[in-house]
Amino acid sequence: MKKTEIIIVGSGVAALQLARRLQDQFYVMIITKDKIESGNSYLAQGGIAAPLGRKDSVRAHLKDTLEAGRYHQDEDSVKQLIVDGKRIVETLVDEGAPFDRNKDGSLSLGMEGAHCEHRILHSGGDQTGKYLVKHLLKSLSGDKVAFVQGEMVYELVKDEMGRCCGVKTKDKDDAIRYYYAPHVVLATGGIGGLYPSTSNHPAVTGDGMALAFLAGAKLSDMEFIQFHPTLLWSNGKTCGLISEAVRGEGALLLNDLGERIMEGVDPLMELAPRHIVAECIYKERQKGRNVYLDISRIKDFQEKFPSISTLCFNHQISIGEGRIPVSPGCHFMMGGIVTDRVGRTNIPGLYAIGEVACSGIHGANRLASNSLLEGLVYGERLGEYLIHNGVSHSSHIHSSCPSLKEGEPLSISFQPHALKKGMMDYVGIIRNEEGLLTQLRWLKEQPLTFHELIDFNSREEIHTYFMWIVSLLVTESALLRTESRGGHIRSDFPNEDNDSWLKRKMILQNKEGRLRVEYHEQNETKIYA
Ligand code: SIN
């Protein structure tokens with residue numbers, strides 16, 4: 001294979017869509033720390049939101065997205081996401097992507113929470129991510145796109161001008177490798193694995209955000225985490241997602257007493273925005289009651305939801321009884337690496353797309369099924385940008401590898417499960433100052449800094465170090481935002497405070513080993529610390 005021109009870290013929908021766009025012009029390398037099937041995209045059940053229904057419109061989809069995100073978005077960016085997304089989804093339909101259809105051959109459009117129209121395209125019932133990943137993979141050429149599986153990127157390499165020009169990786173035996181290219185794209189997904197209850201693959205713990213932060217990239221909106229209301233609850237723990245599409249098909253949320261818990265909470269009942277449903281289930285469970293999805297009204301459940309049926313079967317939950325026990329868990333990160341509309345970060349040569357990025361479209365809470373849409377749109381857009389702006393940068397031509405840094409390797413004195421427990425207890429669905437300070441103190445007591453020497457640490461240790469970094473950024477941001485908005489719910493500040501916080505963002509950056517937080521408003525920037 002020729003010299004790599006573009007490195008993509010991660011192998012979900014955003015990464016594959018980008019590779020597909022680039023492959024006619026460039027040599028692309030996709031590096032993933034596990035297997036392609038281990039990513040979050042592959043697990044996605046719900047689908048892709050697009051305004052394709054007869055009564056639907058870009059305007060209606062825009063309105064639902066802004067409302068779910070509690071108006072913390074950049075409206076133009078959201079509009080453009082939906083316009084471009086509709087066109088890209090239509091192209092996928094034209095090229096034969098396997099979306100489910102009705103008996104008359106028309107596209108079957110599902111309903112999910114906070115949508116006012118049926119607009120969710122899905123595949124294989126509840127296996128949309130898997131089918132979409134397979135469809136995108138099929139269209140990649142082996143000549144121009146190389147896959148490196150099982151290697152974890154642990155450092156972004158920059159040249160003397162500060163331009164990102166490559167990555168360092170470790171394989172499962174901790175052997176170090178270097179890869180160089182004039183453009184490096186992070187598409188590593190979110191942070192679900194920082195929490196013990198999550199719908200995400202457990203390996204998804206925010207690596208891309210930690211890598212970018214250490215390299216000096218700006219991050220934002222780290223307090224906005226979406227907790228999905230309905231993960232399967234079995235044997236005292238959560239064990240996989242029960243798609244919102246199940247509620248879209250008519251499932252009810254009941255407690256042990258048979259009461260509908262959403263009664264009087266929100267007029268949309270079970271299909272209220274996710275943070276409202278998740279908070280309600282959480283509070284009900286705090287009272288010592290179990291919560292169930294009553295699926296008895298759904299016809300042909302197994303046919304409509306084959307992977308959920310298998311999940312329940314594997315955890316000894318009988319679908320036939322019509323009740324699935326559920327509990328909320330971490331699902332999606334709205335914040336991430338700050339990017340512009342094509343995915344550029346503040347570091348030349350470094351880009352971010354998909355969940356790892358914060359491009360201003362999800363605001364304080366993502367609308368259901370807007371994330372595969374985001375991956376498709378930003379993958380394509382960055383592809384276009386790179387094609388039109390070329391890749392000729394001499395900086396990536398290294399005659400030798402940079403030397404490994406000397407010094408003591410970092411020492412981690414805690415187990416990841418201790419960090420995860422603190423994140424769930426204190427930085428979870430409902431937060432307050434006391435809890436956030438407890439977790440922040442614990443994180444800061446660890447003898448770690450933002451400039452550890454990690455070349456000689458094991459991959460597992462680096463992984464834990466990255467979890468520590470991202471947890472710190474989330475906890476600090478959650479403490480500073482003294483209001484409740486979307487996925488960020490503070491019991492000590494229970495209301496939205498539009499006067500102080502509506503369009504106010506916190507931008508986090510590593511400045512010479514110290515965390516710097518800036519408040520950005522529409523027309524001004526205030527320095528906090
Ligand atoms: C779901 O199927 O409930 C999740 C879909 C999404 O998060 O967009």
# chains A, B, ... in the order shown; residues from 1 in each chain; ligands from 1

$ residues_around --residues "range 419-425 of chain A" --least-positions-apart "6" --cutoff "7 Å" --atoms "only C-alpha atoms" --output "NGL selection string"
:A and (194-196 or 439)

$ residues_near_ligand --ligand "ligand 1" --cutoff "7 Å" --atoms "only C-alpha atoms and all ligand atoms" --output "ChimeraX atom specification"
/A:44-47,242-245,367-371

$ select_by_dssp --residues "range 51-197 of chain A" --states "strand (DSSP E)" --output "JSON, numbers by chain"
{"A": [109, 110, 120, 121, 145, 146, 147, 148, 149, 152, 153, 154, 155, 156, 157, 158, 164, 165, 166, 167, 168, 169, 170, 176, 177, 178, 179, 180, 183, 184, 185, 186]}

$ residues_around --residues "Ser234 in chain A" --least-positions-apart "6" --cutoff "10 Å" --atoms "only C-alpha atoms" --output "list in words"
Gly240, Cys312, His315, Gln316, Ile317, Ile324, Pro325, Val326 and Ser327 of chain A

$ select_by_dssp --residues "range 193-284 of chain A" --states "helix (DSSP H, G or I)" --output "ChimeraX atom specification"
/A:193-194,207-215,244-248,269-271,274-284

$ closest_residue --among "A:Asp34, A:Glu279, A:Glu408, A:Asp56" --to "Ile489 in chain A" --atoms "only C-alpha atoms"
A:Glu279

$ residues_around --residues "Met111 in chain A" --least-positions-apart "2" --cutoff "12 Å" --atoms "only C-alpha atoms" --output "ChimeraX atom specification"
/A:46-51,53,108-109,113-122,243-250,270-272,367-369

$ closest_atom_pairs --of "range 124-154 of chain A" --to "range 442-466 of chain A" --cutoff "10 Å" --atoms "only C-alpha atoms" --output "tab-separated table"
residue	atom	partner	partner_atom	distance
A:Glu151	CA	A:Arg459	CA	9.5
A:Met152	CA	A:Arg459	CA	7.5
A:Val153	CA	A:Arg459	CA	9.5
A:Tyr154	CA	A:Ile462	CA	7.3

$ write_last_selection --atoms "all heavy atoms" --output "compact mmCIF listing (two decimals), in the first residue's frame"
# COMPACT_ATOMS: atom_id res chain seq x y z
N GLU A 151 -5.30 -2.15 17.71
CA GLU A 151 -4.28 -1.22 18.21
C GLU A 151 -4.96 0.02 18.78
O GLU A 151 -5.83 0.61 18.16
CB GLU A 151 -3.31 -0.81 17.08
CG GLU A 151 -2.43 -1.97 16.66
CD GLU A 151 -1.37 -1.58 15.64
OE1 GLU A 151 -0.88 -0.43 15.66
OE2 GLU A 151 -1.05 -2.44 14.80
N MET A 152 -4.48 0.40 19.98
CA MET A 152 -5.06 1.58 20.64
C MET A 152 -4.15 2.78 20.40
O MET A 152 -2.96 2.72 20.68
CB MET A 152 -5.15 1.31 22.14
CG MET A 152 -5.58 2.51 22.94
SD MET A 152 -5.41 2.19 24.71
CE MET A 152 -5.86 3.78 25.38
N VAL A 153 -4.73 3.86 19.88
CA VAL A 153 -3.95 5.10 19.73
C VAL A 153 -3.79 5.70 21.12
O VAL A 153 -4.77 5.90 21.84
CB VAL A 153 -4.68 6.08 18.79
CG1 VAL A 153 -3.98 7.43 18.79
CG2 VAL A 153 -4.73 5.51 17.38
N TYR A 154 -2.54 5.95 21.53
CA TYR A 154 -2.35 6.51 22.88
C TYR A 154 -1.71 7.89 22.85
O TYR A 154 -1.59 8.53 23.89
CB TYR A 154 -1.57 5.55 23.77
CG TYR A 154 -0.09 5.46 23.49
CD1 TYR A 154 0.82 6.24 24.19
CD2 TYR A 154 0.40 4.59 22.53
CE1 TYR A 154 2.18 6.17 23.94
CE2 TYR A 154 1.75 4.50 22.27
CZ TYR A 154 2.64 5.29 22.98
OH TYR A 154 3.97 5.20 22.71

$ closest_residue --among "A:Gln509, A:Gln17, A:Ser411, A:Ser220" --to "Ser41 in chain A" --atoms "only C-alpha atoms"
A:Gln17

$ atom_distance --atom1 "CA of Leu508 in chain A" --atom2 "CA of Val342 in chain A"
20.6 Å

$ closest_atom_pairs --of "range 297-392 of chain A" --to "range 74-79 of chain A" --cutoff "9 Å" --atoms "only C-alpha atoms" --output "tab-separated table"
residue	atom	partner	partner_atom	distance
A:Arg341	CA	A:Ser77	CA	7.2
A:Ser359	CA	A:Ser77	CA	8.0
A:Gly360	CA	A:Asp74	CA	5.4
A:Ile361	CA	A:Val78	CA	5.0
A:His362	CA	A:Val78	CA	7.9
A:Gly363	CA	A:Asp74	CA	7.9

$ residues_around --residues "Met467 in chain A" --least-positions-apart "3" --cutoff "8 Å" --atoms "only C-alpha atoms" --output "ChimeraX atom specification"
/A:194,205-207,210,416,463-464,470-471

$ closest_residue --among "A:Gln127, A:Ser309, A:Thr345, A:Thr188" --to "Ala215 in chain A" --atoms "only C-alpha atoms"
A:Thr345

$ atom_distance --atom1 "CA of Leu311 in chain A" --atom2 "CA of Val291 in chain A"
17.8 Å

$ closest_residue --among "A:Ile319, A:Ile308, A:Ala364, A:Ala357" --to "Ile295 in chain A" --atoms "only C-alpha atoms"
A:Ile319

$ residues_around --residues "Gly166 in chain A" --least-positions-apart "2" --cutoff "7 Å" --atoms "only C-alpha atoms" --output "PyMOL selection string"
chain A and resi 156-158+164+179-181+184

$ atom_distance --atom1 "CA of Pro328 in chain A" --atom2 "CA of Val427 in chain A"
13.8 Å

$ residues_around --residues "Gly129 in chain A" --least-positions-apart "3" --cutoff "12 Å" --atoms "only C-alpha atoms" --output "JSON, numbers by chain"
{"A": [12, 13, 14, 36, 37, 38, 39, 40, 41, 42, 43, 44, 45, 46, 47, 48, 97, 98, 99, 121, 122, 123, 124, 125, 126, 132, 133, 134, 135, 136, 307, 369, 371, 372, 373, 375, 376]}
